[in-house]
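S.K.: For reference, the file entry.txt (compact mmCIF, C-alpha atoms and all ligand atoms) is included below:
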```txt
# COMPACT_ATOMS: atom_id res chain seq x y z
CA MET Y 1 2.09 -17.15 8.29
CA ALA Y 2 1.71 -17.90 11.99
CA ALA Y 3 3.45 -20.97 13.37
CA LYS Y 4 1.21 -23.26 15.34
CA SER Y 5 2.55 -25.55 18.03
CA VAL Y 6 0.48 -28.64 18.84
CA ALA Y 7 1.48 -30.61 21.91
CA SER Y 8 0.96 -34.31 21.35
CA PRO Y 9 1.79 -37.00 23.90
CA SER Y 10 4.69 -39.14 22.78
CA ILE Y 11 5.07 -42.88 22.31
CA LYS Y 12 7.41 -44.22 24.99
CA SER Y 13 9.45 -47.38 24.58
CA LEU Y 14 11.60 -49.29 27.03
CA VAL Y 15 14.17 -51.93 26.16
CA ALA Y 16 16.04 -54.59 28.10
CA GLU Y 17 19.59 -55.43 27.04
CA VAL Y 18 22.16 -58.06 27.92
CA ASP Y 19 25.70 -57.59 26.60
CA ASN Y 20 24.46 -54.87 24.25
CA GLN Y 21 21.89 -57.29 22.78
CA LEU Y 22 18.22 -56.35 22.79
CA ILE Y 23 16.32 -59.04 24.69
CA GLY Y 24 13.09 -57.24 25.62
CA TYR Y 25 10.92 -54.45 24.31
CA VAL Y 26 7.74 -52.70 25.36
CA SER Y 27 5.95 -49.72 23.91
CA TYR Y 28 3.45 -47.38 25.54
CA SER Y 29 1.44 -45.18 23.21
CA PRO Y 30 -1.15 -42.51 23.97
CA ILE Y 31 -4.87 -43.07 23.59
CA PHE Y 32 -7.18 -40.18 22.81
CA LEU Y 33 -10.36 -40.16 24.86
CA LYS Y 34 -13.28 -38.79 22.88
CA SER Y 35 -15.42 -37.23 25.58
CA VAL Y 36 -13.00 -36.52 28.42
CA SER Y 37 -9.93 -34.36 28.03
CA SER Y 38 -8.88 -34.37 31.67
CA ILE Y 39 -7.54 -37.95 31.68
CA ALA Y 40 -4.27 -38.75 29.91
CA GLY Y 41 -4.42 -42.36 28.74
CA TYR Y 42 -1.86 -44.82 27.45
CA ILE Y 43 -1.93 -48.37 26.10
CA LEU Y 44 0.75 -51.01 26.56
CA ALA Y 45 1.57 -52.75 23.25
CA PRO Y 46 3.55 -54.55 22.12
CA LEU Y 47 5.57 -56.40 24.75
CA ALA Y 48 8.03 -59.13 23.86
CA VAL Y 49 10.97 -60.89 25.47
CA SER Y 50 13.30 -63.15 23.48
CA PRO Y 51 12.49 -66.82 24.17
CA GLU Y 52 15.83 -67.62 25.79
CA HIS Y 53 15.37 -64.80 28.31
CA GLN Y 54 11.76 -65.44 29.24
CA LYS Y 55 10.63 -66.38 32.77
CA GLN Y 56 13.47 -64.39 34.31
CA GLY Y 57 11.46 -61.30 35.21
CA VAL Y 58 12.36 -59.25 32.13
CA GLY Y 59 8.73 -58.74 31.07
CA SER Y 60 7.75 -57.85 34.64
CA ASN Y 61 10.56 -55.30 34.85
CA LEU Y 62 9.50 -53.67 31.57
CA ILE Y 63 5.90 -53.42 32.78
CA ASN Y 64 6.70 -52.19 36.28
CA ALA Y 65 9.18 -49.63 34.94
CA GLY Y 66 6.53 -48.44 32.48
CA ILE Y 67 3.89 -48.07 35.19
CA GLU Y 68 6.35 -46.07 37.29
CA MET Y 69 7.33 -43.86 34.32
CA LEU Y 70 3.73 -43.15 33.30
CA THR Y 71 2.71 -42.46 36.88
CA LYS Y 72 5.50 -39.91 37.21
CA ASP Y 73 4.35 -38.38 33.92
CA GLY Y 74 0.88 -37.81 35.38
CA VAL Y 75 -0.92 -40.37 33.22
CA GLY Y 76 -4.40 -41.26 34.49
CA VAL Y 77 -5.09 -44.64 32.93
CA LEU Y 78 -3.07 -47.45 31.35
CA MET Y 79 -4.79 -50.08 29.21
CA VAL Y 80 -3.63 -53.42 27.81
CA TYR Y 81 -5.17 -56.16 25.65
CA GLY Y 82 -3.61 -59.48 26.58
CA ASP Y 83 -3.76 -62.51 28.79
CA PRO Y 84 -5.38 -61.46 32.08
CA ALA Y 85 -3.54 -64.30 33.81
CA TYR Y 86 -0.31 -62.44 33.07
CA TYR Y 87 -1.32 -58.79 33.19
CA GLY Y 88 -3.50 -59.29 36.26
CA ARG Y 89 -0.29 -59.73 38.27
CA PHE Y 90 0.49 -56.07 37.75
CA GLY Y 91 -2.94 -54.75 38.74
CA PHE Y 92 -4.70 -54.58 35.36
CA LYS Y 93 -8.43 -55.18 35.90
CA GLU Y 94 -11.25 -56.09 33.54
CA GLU Y 95 -13.66 -53.68 35.24
CA ILE Y 96 -11.41 -50.80 34.15
CA GLY Y 97 -11.55 -52.23 30.62
CA CYS Y 98 -15.34 -51.81 30.72
CA SER Y 99 -14.89 -48.06 31.23
CA PHE Y 100 -12.74 -47.49 28.13
CA VAL Y 101 -14.27 -48.62 24.84
CA PRO Y 102 -11.71 -49.66 22.20
CA PRO Y 103 -12.02 -48.37 18.64
CA TYR Y 104 -12.41 -51.89 17.17
CA THR Y 105 -14.29 -55.09 17.95
CA LEU Y 106 -12.21 -57.33 20.19
CA GLN Y 107 -11.38 -60.83 18.91
CA PHE Y 108 -11.59 -62.34 22.38
CA PRO Y 109 -14.23 -61.64 25.02
CA PHE Y 110 -11.57 -61.38 27.71
CA GLY Y 111 -8.22 -59.69 28.20
CA TRP Y 112 -9.20 -56.05 27.74
CA THR Y 113 -8.02 -54.59 31.03
CA GLY Y 114 -6.67 -51.41 32.55
CA MET Y 115 -5.46 -49.69 35.66
CA MET Y 116 -6.12 -46.20 36.93
CA LEU Y 117 -2.98 -44.25 37.91
CA ASN Y 118 -2.43 -41.22 40.11
CA ASP Y 119 -5.69 -41.84 42.02
CA THR Y 120 -7.67 -40.95 38.91
CA PRO Y 121 -11.33 -41.85 39.49
CA VAL Y 122 -12.94 -44.46 37.25
CA PRO Y 123 -15.21 -42.66 34.77
CA GLU Y 124 -18.91 -42.93 35.55
CA GLN Y 125 -19.76 -43.64 31.91
CA PRO Y 126 -17.77 -45.75 29.41
CA ILE Y 127 -15.50 -43.56 27.26
CA GLN Y 128 -14.61 -44.26 23.65
CA PHE Y 129 -11.09 -43.56 22.45
CA GLU Y 130 -8.83 -43.58 19.42
CA CYS Y 131 -5.24 -44.70 19.31
CA VAL Y 132 -2.06 -44.01 17.35
CA SER Y 133 -1.89 -45.03 13.69
CA ALA Y 134 0.32 -48.06 14.42
CA LEU Y 135 -2.50 -49.56 16.50
CA SER Y 136 -5.35 -48.31 14.32
CA LYS Y 137 -5.68 -51.66 12.56
CA PRO Y 138 -8.71 -53.87 13.27
CA ASP Y 139 -6.62 -57.06 12.93
CA LEU Y 140 -4.60 -56.10 16.02
CA TRP Y 141 -7.67 -56.09 18.25
C1 LIG J 201 4.58 -62.54 27.74
C2 LIG J 201 6.08 -62.29 27.86
C3 LIG J 201 6.39 -60.88 27.44
C4 LIG J 201 6.48 -62.48 29.32
O1 LIG J 201 7.85 -62.10 29.45
P1 LIG J 201 8.78 -62.75 30.58
O2 LIG J 201 10.03 -61.98 30.65
O3 LIG J 201 8.88 -64.21 30.38
O4 LIG J 201 7.87 -62.46 31.86
P2 LIG J 201 8.27 -62.60 33.38
O5 LIG J 201 9.57 -63.33 33.52
O6 LIG J 201 8.19 -61.27 34.00
O7 LIG J 201 7.10 -63.46 33.94
C5 LIG J 201 7.07 -64.81 33.59
C6 LIG J 201 5.85 -65.42 34.21
O8 LIG J 201 4.72 -65.05 33.43
C7 LIG J 201 4.06 -66.22 33.02
N1 LIG J 201 3.44 -65.97 31.73
C8 LIG J 201 4.03 -65.65 30.57
N2 LIG J 201 3.11 -65.52 29.60
C9 LIG J 201 1.91 -65.75 30.19
C10 LIG J 201 0.59 -65.78 29.72
N3 LIG J 201 0.27 -65.53 28.46
N4 LIG J 201 -0.39 -66.06 30.62
C11 LIG J 201 -0.11 -66.30 31.90
N5 LIG J 201 1.13 -66.31 32.40
C12 LIG J 201 2.12 -66.04 31.55
C13 LIG J 201 5.13 -67.27 32.95
O9 LIG J 201 4.59 -68.57 33.02
C14 LIG J 201 5.94 -66.95 34.19
O10 LIG J 201 5.28 -67.44 35.33
P3 LIG J 201 6.09 -67.75 36.70
O11 LIG J 201 6.58 -66.41 37.21
O12 LIG J 201 5.06 -68.33 37.59
O13 LIG J 201 7.19 -68.66 36.32
C15 LIG J 201 6.89 -63.28 27.01
O14 LIG J 201 6.47 -64.60 27.33
C16 LIG J 201 6.76 -63.06 25.51
O15 LIG J 201 7.52 -62.28 24.93
N6 LIG J 201 5.83 -63.78 24.88
C17 LIG J 201 5.63 -63.67 23.43
C18 LIG J 201 5.02 -62.33 23.06
C19 LIG J 201 3.74 -62.07 23.82
O16 LIG J 201 2.91 -62.94 24.03
N7 LIG J 201 3.61 -60.81 24.26
C20 LIG J 201 2.44 -60.34 24.97
C21 LIG J 201 1.42 -59.89 23.99
S1 LIG J 201 0.03 -59.18 24.80
```
The structure given in the file should be rewritten as structure tokens.
Ligand SMILES: CC(C)(COP(=O)(O)OP(=O)(O)OC[C@H]1O[C@@H](n2cnc3c(N)ncnc32)[C@H](O)[C@@H]1OP(=O)(O)O)[C@@H](O)C(=O)NCCC(=O)NCCS
M.R.:
Amino acid sequence: MAAKSVASPSIKSLVAEVDNQLIGYVSYSPIFLKSVSSIAGYILAPLAVSPEHQKQGVGSNLINAGIEMLTKDGVGVLMVYGDPAYYGRFGFKEEIGCSFVPPYTLQFPFGWTGMMLNDTPVPEQPIQFECVSALSKPDLW
């Protein structure tokens, strides 16, 4: 029997700690574009900071560190579904959201945003994608 090796992009998580206590967490998981194989895509979800440590830049650090990590990894697009008033600070844009069609109907008509990385051009046509099993639940969208 021949062994078959399948390369699959990994889920990447970052944590913030104070005194060995977890106070912040973010996960970045791959998305799988259906019609374009040349762009590596990721989605940011979930992100959470413990209430007593919020508004101290922890969330911003987790996002900026993630953008830097994914850029170094050669990722072409990063998506997020959340409050545009928050994520817009980091460069996520709704027009990029229009170019990447989520696998489920969105509950809110706003907040689906993205940013292109590594000078990747915005696709000319909207691209559908699938995501990892943990996010493949309609209730999350
Ligand atoms: C959203 C969250 C991760 C932000 O973490 P944080 O460490 O407080 O973020 P930062 O310190 O980097 O930034 C805080 C700033 O973001 C603002 N902010 C936080 N949530 C926001 C939101 N939903 N919309 C707009 N602004 C928001 C704060 O008012 C604060 O503004 P200021 O800098 O003008 O004071 C945190 O509030 C949280 O864990 N919330 C509950 C879980 C959640 O909503 N996660 C996001 C799901 S998409």
S.K.: Could you report the residues within 6 Å of ligand LIG 201 (chain J), using all atoms listed in the file, as a PyMOL selection string?
M.R.: chain Y and resi 47-49+54-60+82-83+85-86
S.K.: Convert the current residue selection to file output with C-alpha atoms, as a tab-separated table (two decimals), keeping the file's coordinate frame.
M.R.:
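Printed below is result25.tsv as written:
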```tsv
chain	number	residue	atom	x	y	z
Y	47	LEU	CA	5.57	-56.40	24.75
Y	48	ALA	CA	8.03	-59.13	23.86
Y	49	VAL	CA	10.97	-60.89	25.47
Y	54	GLN	CA	11.76	-65.44	29.24
Y	55	LYS	CA	10.63	-66.38	32.77
Y	56	GLN	CA	13.47	-64.39	34.31
Y	57	GLY	CA	11.46	-61.30	35.21
Y	58	VAL	CA	12.36	-59.25	32.13
Y	59	GLY	CA	8.73	-58.74	31.07
Y	60	SER	CA	7.75	-57.85	34.64
Y	82	GLY	CA	-3.61	-59.48	26.58
Y	83	ASP	CA	-3.76	-62.51	28.79
Y	85	ALA	CA	-3.54	-64.30	33.81
Y	86	TYR	CA	-0.31	-62.44	33.07
```
S.K.: One decimal, Å: what's the distance from atom CA of Y:Ser136 over to atom CA of Y:Val77, could you say?
M.R.: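 A separation of 19.0 Å between them.
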S.K.: For a test of reading the model, state the distance in Å between atom CA of Y:Phe100 and atom CA of Y:Ile43, rounded to one decimal.
M.R.: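 Between atom CA of Y:Phe100 and atom CA of Y:Ile43 the gap works out to 11.0 Å.
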S.K.: Quick one: distance from atom CA of Y:Pro126 to atom CA of Y:Ile63 in Å, one decimal?
M.R.: 25.1 Å
S.K.: Leaving out Y:Gly41 and any residue of its chain fewer than 4 positions from it, which residues lie within 8 Å of it when counting all atoms listed in the file, given as a ChimeraX atom specification?
M.R.: /Y:30-33,75-79
S.K.: Mind checking which residues fall within 10 Å of Y:Tyr87, counting all atoms listed in the file, ignoring those fewer than 5 positions away in the same chain, and posting them as a short mmCIF file (atom, residue, chain, number, x, y, z; two decimals) with C-alpha atoms, in the coordinates of the input?
M.R.:
```
data_model
loop_
_atom_site.label_atom_id
_atom_site.label_comp_id
_atom_site.auth_asym_id
_atom_site.auth_seq_id
_atom_site.Cartn_x
_atom_site.Cartn_y
_atom_site.Cartn_z
CA SER Y 60 7.75 -57.85 34.64
CA ILE Y 63 5.90 -53.42 32.78
CA VAL Y 80 -3.63 -53.42 27.81
CA TYR Y 81 -5.17 -56.16 25.65
CA GLY Y 82 -3.61 -59.48 26.58
CA PHE Y 92 -4.70 -54.58 35.36
CA LYS Y 93 -8.43 -55.18 35.90
CA GLY Y 111 -8.22 -59.69 28.20
CA TRP Y 112 -9.20 -56.05 27.74
CA THR Y 113 -8.02 -54.59 31.03
CA GLY Y 114 -6.67 -51.41 32.55
#
```
S.K.: Residues within 10 Å of (15.8, -50.1, 27.8), file coordinates, counting all atoms listed in the file: what are they? Give the list as a list in words.
M.R.: Ser13, Leu14, Val15, Ala16, Glu17, Leu22, Ile23, Gly24, Tyr25, Val26, Leu62 and Ala65 of chain Y
S.K.: Could you turn the residues from that selection into a file that holds C-alpha atoms, as a short mmCIF file (atom, residue, chain, number, x, y, z; two decimals), keeping the file's coordinate frame?
M.R.:
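What landed in selection02.cif:
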```
data_model
loop_
_atom_site.label_atom_id
_atom_site.label_comp_id
_atom_site.auth_asym_id
_atom_site.auth_seq_id
_atom_site.Cartn_x
_atom_site.Cartn_y
_atom_site.Cartn_z
CA SER Y 13 9.45 -47.38 24.58
CA LEU Y 14 11.60 -49.29 27.03
CA VAL Y 15 14.17 -51.93 26.16
CA ALA Y 16 16.04 -54.59 28.10
CA GLU Y 17 19.59 -55.43 27.04
CA LEU Y 22 18.22 -56.35 22.79
CA ILE Y 23 16.32 -59.04 24.69
CA GLY Y 24 13.09 -57.24 25.62
CA TYR Y 25 10.92 -54.45 24.31
CA VAL Y 26 7.74 -52.70 25.36
CA LEU Y 62 9.50 -53.67 31.57
CA ALA Y 65 9.18 -49.63 34.94
#
```
S.K.: Give the answer as one residue: which of Y:Asn64, Y:Ala134, Y:Val36, Y:Leu70 has the shortest atom-to-atom distance to Y:Met116, using all atoms listed in the file?
M.R.: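 Smallest separation from Y:Met116 among the options: Y:Leu70.
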S.K.: With all atoms listed in the file as the atoms that count, which of Y:Tyr28, Y:Gly66, Y:Pro138, Y:Ser8 lies nearest to Y:Leu106?
M.R.: Y:Pro138
S.K.: What would stretch 24-138 of chain Y look like if you wrote it out as a JSON list (two decimals), in the first residue's frame, with C-alpha atoms included, from the block I just posted?
M.R.:
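Written out: result34.json:
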```
[["chain", "number", "residue", "atom", "x", "y", "z"],
["Y", 24, "GLY", "CA", -6.72, 36.43, 25.61],
["Y", 25, "TYR", "CA", -7.15, 34.02, 22.75],
["Y", 26, "VAL", "CA", -7.48, 34.20, 18.99],
["Y", 27, "SER", "CA", -7.65, 31.51, 16.37],
["Y", 28, "TYR", "CA", -6.91, 31.70, 12.66],
["Y", 29, "SER", "CA", -8.16, 28.83, 10.54],
["Y", 30, "PRO", "CA", -7.77, 28.15, 6.83],
["Y", 31, "ILE", "CA", -10.53, 28.71, 4.32],
["Y", 32, "PHE", "CA", -10.70, 26.67, 1.14],
["Y", 33, "LEU", "CA", -11.47, 28.70, -1.96],
["Y", 34, "LYS", "CA", -13.53, 26.73, -4.43],
["Y", 35, "SER", "CA", -12.42, 28.18, -7.75],
["Y", 36, "VAL", "CA", -8.98, 29.63, -7.05],
["Y", 37, "SER", "CA", -6.11, 27.58, -5.70],
["Y", 38, "SER", "CA", -3.46, 30.28, -5.91],
["Y", 39, "ILE", "CA", -4.70, 32.28, -2.90],
["Y", 40, "ALA", "CA", -4.18, 30.92, 0.61],
["Y", 41, "GLY", "CA", -6.98, 32.24, 2.80],
["Y", 42, "TYR", "CA", -7.58, 32.37, 6.53],
["Y", 43, "ILE", "CA", -10.40, 33.49, 8.81],
["Y", 44, "LEU", "CA", -10.04, 35.09, 12.23],
["Y", 45, "ALA", "CA", -12.39, 33.45, 14.77],
["Y", 46, "PRO", "CA", -12.86, 33.39, 17.64],
["Y", 47, "LEU", "CA", -11.24, 36.30, 19.49],
["Y", 48, "ALA", "CA", -11.82, 36.92, 23.17],
["Y", 49, "VAL", "CA", -10.16, 38.84, 25.98],
["Y", 50, "SER", "CA", -11.16, 38.34, 29.62],
["Y", 51, "PRO", "CA", -13.37, 41.23, 30.80],
["Y", 52, "GLU", "CA", -10.92, 42.52, 33.40],
["Y", 53, "HIS", "CA", -8.19, 42.82, 30.77],
["Y", 54, "GLN", "CA", -10.20, 44.45, 28.01],
["Y", 55, "LYS", "CA", -9.46, 47.93, 26.63],
["Y", 56, "GLN", "CA", -5.75, 47.52, 27.32],
["Y", 57, "GLY", "CA", -4.69, 46.62, 23.80],
["Y", 58, "VAL", "CA", -4.68, 42.84, 24.27],
["Y", 59, "GLY", "CA", -7.16, 42.21, 21.44],
["Y", 60, "SER", "CA", -5.26, 44.58, 19.16],
["Y", 61, "ASN", "CA", -1.99, 42.80, 19.91],
["Y", 62, "LEU", "CA", -3.52, 39.40, 19.12],
["Y", 63, "ILE", "CA", -4.87, 40.69, 15.81],
["Y", 64, "ASN", "CA", -1.74, 42.56, 14.76],
["Y", 65, "ALA", "CA", 0.48, 39.60, 15.69],
["Y", 66, "GLY", "CA", -1.81, 37.34, 13.67],
["Y", 67, "ILE", "CA", -1.67, 39.59, 10.61],
["Y", 68, "GLU", "CA", 2.12, 39.66, 10.85],
["Y", 69, "MET", "CA", 2.33, 35.86, 11.26],
["Y", 70, "LEU", "CA", 0.00, 35.14, 8.34],
["Y", 71, "THR", "CA", 1.77, 37.65, 6.13],
["Y", 72, "LYS", "CA", 5.09, 35.96, 6.83],
["Y", 73, "ASP", "CA", 3.45, 32.62, 6.04],
["Y", 74, "GLY", "CA", 2.50, 33.90, 2.57],
["Y", 75, "VAL", "CA", -1.25, 34.03, 3.18],
["Y", 76, "GLY", "CA", -3.15, 36.05, 0.57],
["Y", 77, "VAL", "CA", -6.37, 36.99, 2.32],
["Y", 78, "LEU", "CA", -7.64, 37.19, 5.90],
["Y", 79, "MET", "CA", -11.37, 37.37, 6.60],
["Y", 80, "VAL", "CA", -13.38, 38.15, 9.74],
["Y", 81, "TYR", "CA", -17.07, 38.36, 10.65],
["Y", 82, "GLY", "CA", -17.52, 40.89, 13.43],
["Y", 83, "ASP", "CA", -18.12, 44.48, 14.33],
["Y", 84, "PRO", "CA", -16.65, 46.63, 11.54],
["Y", 85, "ALA", "CA", -16.21, 49.46, 14.04],
["Y", 86, "TYR", "CA", -13.62, 47.29, 15.78],
["Y", 87, "TYR", "CA", -12.06, 45.30, 12.95],
["Y", 88, "GLY", "CA", -11.96, 48.30, 10.63],
["Y", 89, "ARG", "CA", -9.16, 49.69, 12.83],
["Y", 90, "PHE", "CA", -6.88, 46.94, 11.58],
["Y", 91, "GLY", "CA", -7.63, 47.39, 7.88],
["Y", 92, "PHE", "CA", -10.47, 44.89, 7.37],
["Y", 93, "LYS", "CA", -12.77, 46.20, 4.61],
["Y", 94, "GLU", "CA", -16.30, 45.31, 3.57],
["Y", 95, "GLU", "CA", -15.42, 45.50, -0.13],
["Y", 96, "ILE", "CA", -13.03, 42.58, 0.37],
["Y", 97, "GLY", "CA", -15.89, 40.72, 2.05],
["Y", 98, "CYS", "CA", -17.87, 41.08, -1.18],
["Y", 99, "SER", "CA", -15.18, 39.12, -3.03],
["Y", 100, "PHE", "CA", -15.27, 36.05, -0.76],
["Y", 101, "VAL", "CA", -18.68, 34.39, -0.39],
["Y", 102, "PRO", "CA", -19.20, 32.61, 2.94],
["Y", 103, "PRO", "CA", -20.63, 29.09, 3.02],
["Y", 104, "TYR", "CA", -23.70, 30.14, 5.05],
["Y", 105, "THR", "CA", -26.22, 32.97, 5.11],
["Y", 106, "LEU", "CA", -25.01, 35.79, 7.33],
["Y", 107, "GLN", "CA", -27.24, 36.81, 10.26],
["Y", 108, "PHE", "CA", -26.29, 40.47, 9.92],
["Y", 109, "PRO", "CA", -26.02, 42.47, 6.71],
["Y", 110, "PHE", "CA", -22.77, 44.04, 7.89],
["Y", 111, "GLY", "CA", -19.51, 42.93, 9.45],
["Y", 112, "TRP", "CA", -18.27, 40.48, 6.82],
["Y", 113, "THR", "CA", -14.89, 41.99, 6.01],
["Y", 114, "GLY", "CA", -11.41, 41.05, 4.89],
["Y", 115, "MET", "CA", -7.96, 42.25, 4.01],
["Y", 116, "MET", "CA", -5.66, 41.20, 1.22],
["Y", 117, "LEU", "CA", -2.11, 40.34, 2.34],
["Y", 118, "ASN", "CA", 1.18, 40.13, 0.49],
["Y", 119, "ASP", "CA", -0.07, 42.45, -2.29],
["Y", 120, "THR", "CA", -2.48, 39.76, -3.44],
["Y", 121, "PRO", "CA", -4.87, 41.28, -5.99],
["Y", 122, "VAL", "CA", -8.59, 41.35, -5.18],
["Y", 123, "PRO", "CA", -10.30, 38.63, -7.25],
["Y", 124, "GLU", "CA", -12.24, 39.93, -10.23],
["Y", 125, "GLN", "CA", -15.19, 37.63, -9.47],
["Y", 126, "PRO", "CA", -16.60, 36.69, -6.03],
["Y", 127, "ILE", "CA", -15.17, 33.37, -4.83],
["Y", 128, "GLN", "CA", -17.04, 30.86, -2.71],
["Y", 129, "PHE", "CA", -15.19, 29.00, 0.02],
["Y", 130, "GLU", "CA", -15.52, 26.33, 2.68],
["Y", 131, "CYS", "CA", -14.07, 26.42, 6.15],
["Y", 132, "VAL", "CA", -12.85, 24.03, 8.82],
["Y", 133, "SER", "CA", -15.37, 21.78, 10.57],
["Y", 134, "ALA", "CA", -15.37, 23.88, 13.76],
["Y", 135, "LEU", "CA", -16.77, 26.82, 11.76],
["Y", 136, "SER", "CA", -18.98, 24.75, 9.47],
["Y", 137, "LYS", "CA", -22.08, 25.47, 11.54],
["Y", 138, "PRO", "CA", -24.77, 27.80, 10.16]]
```
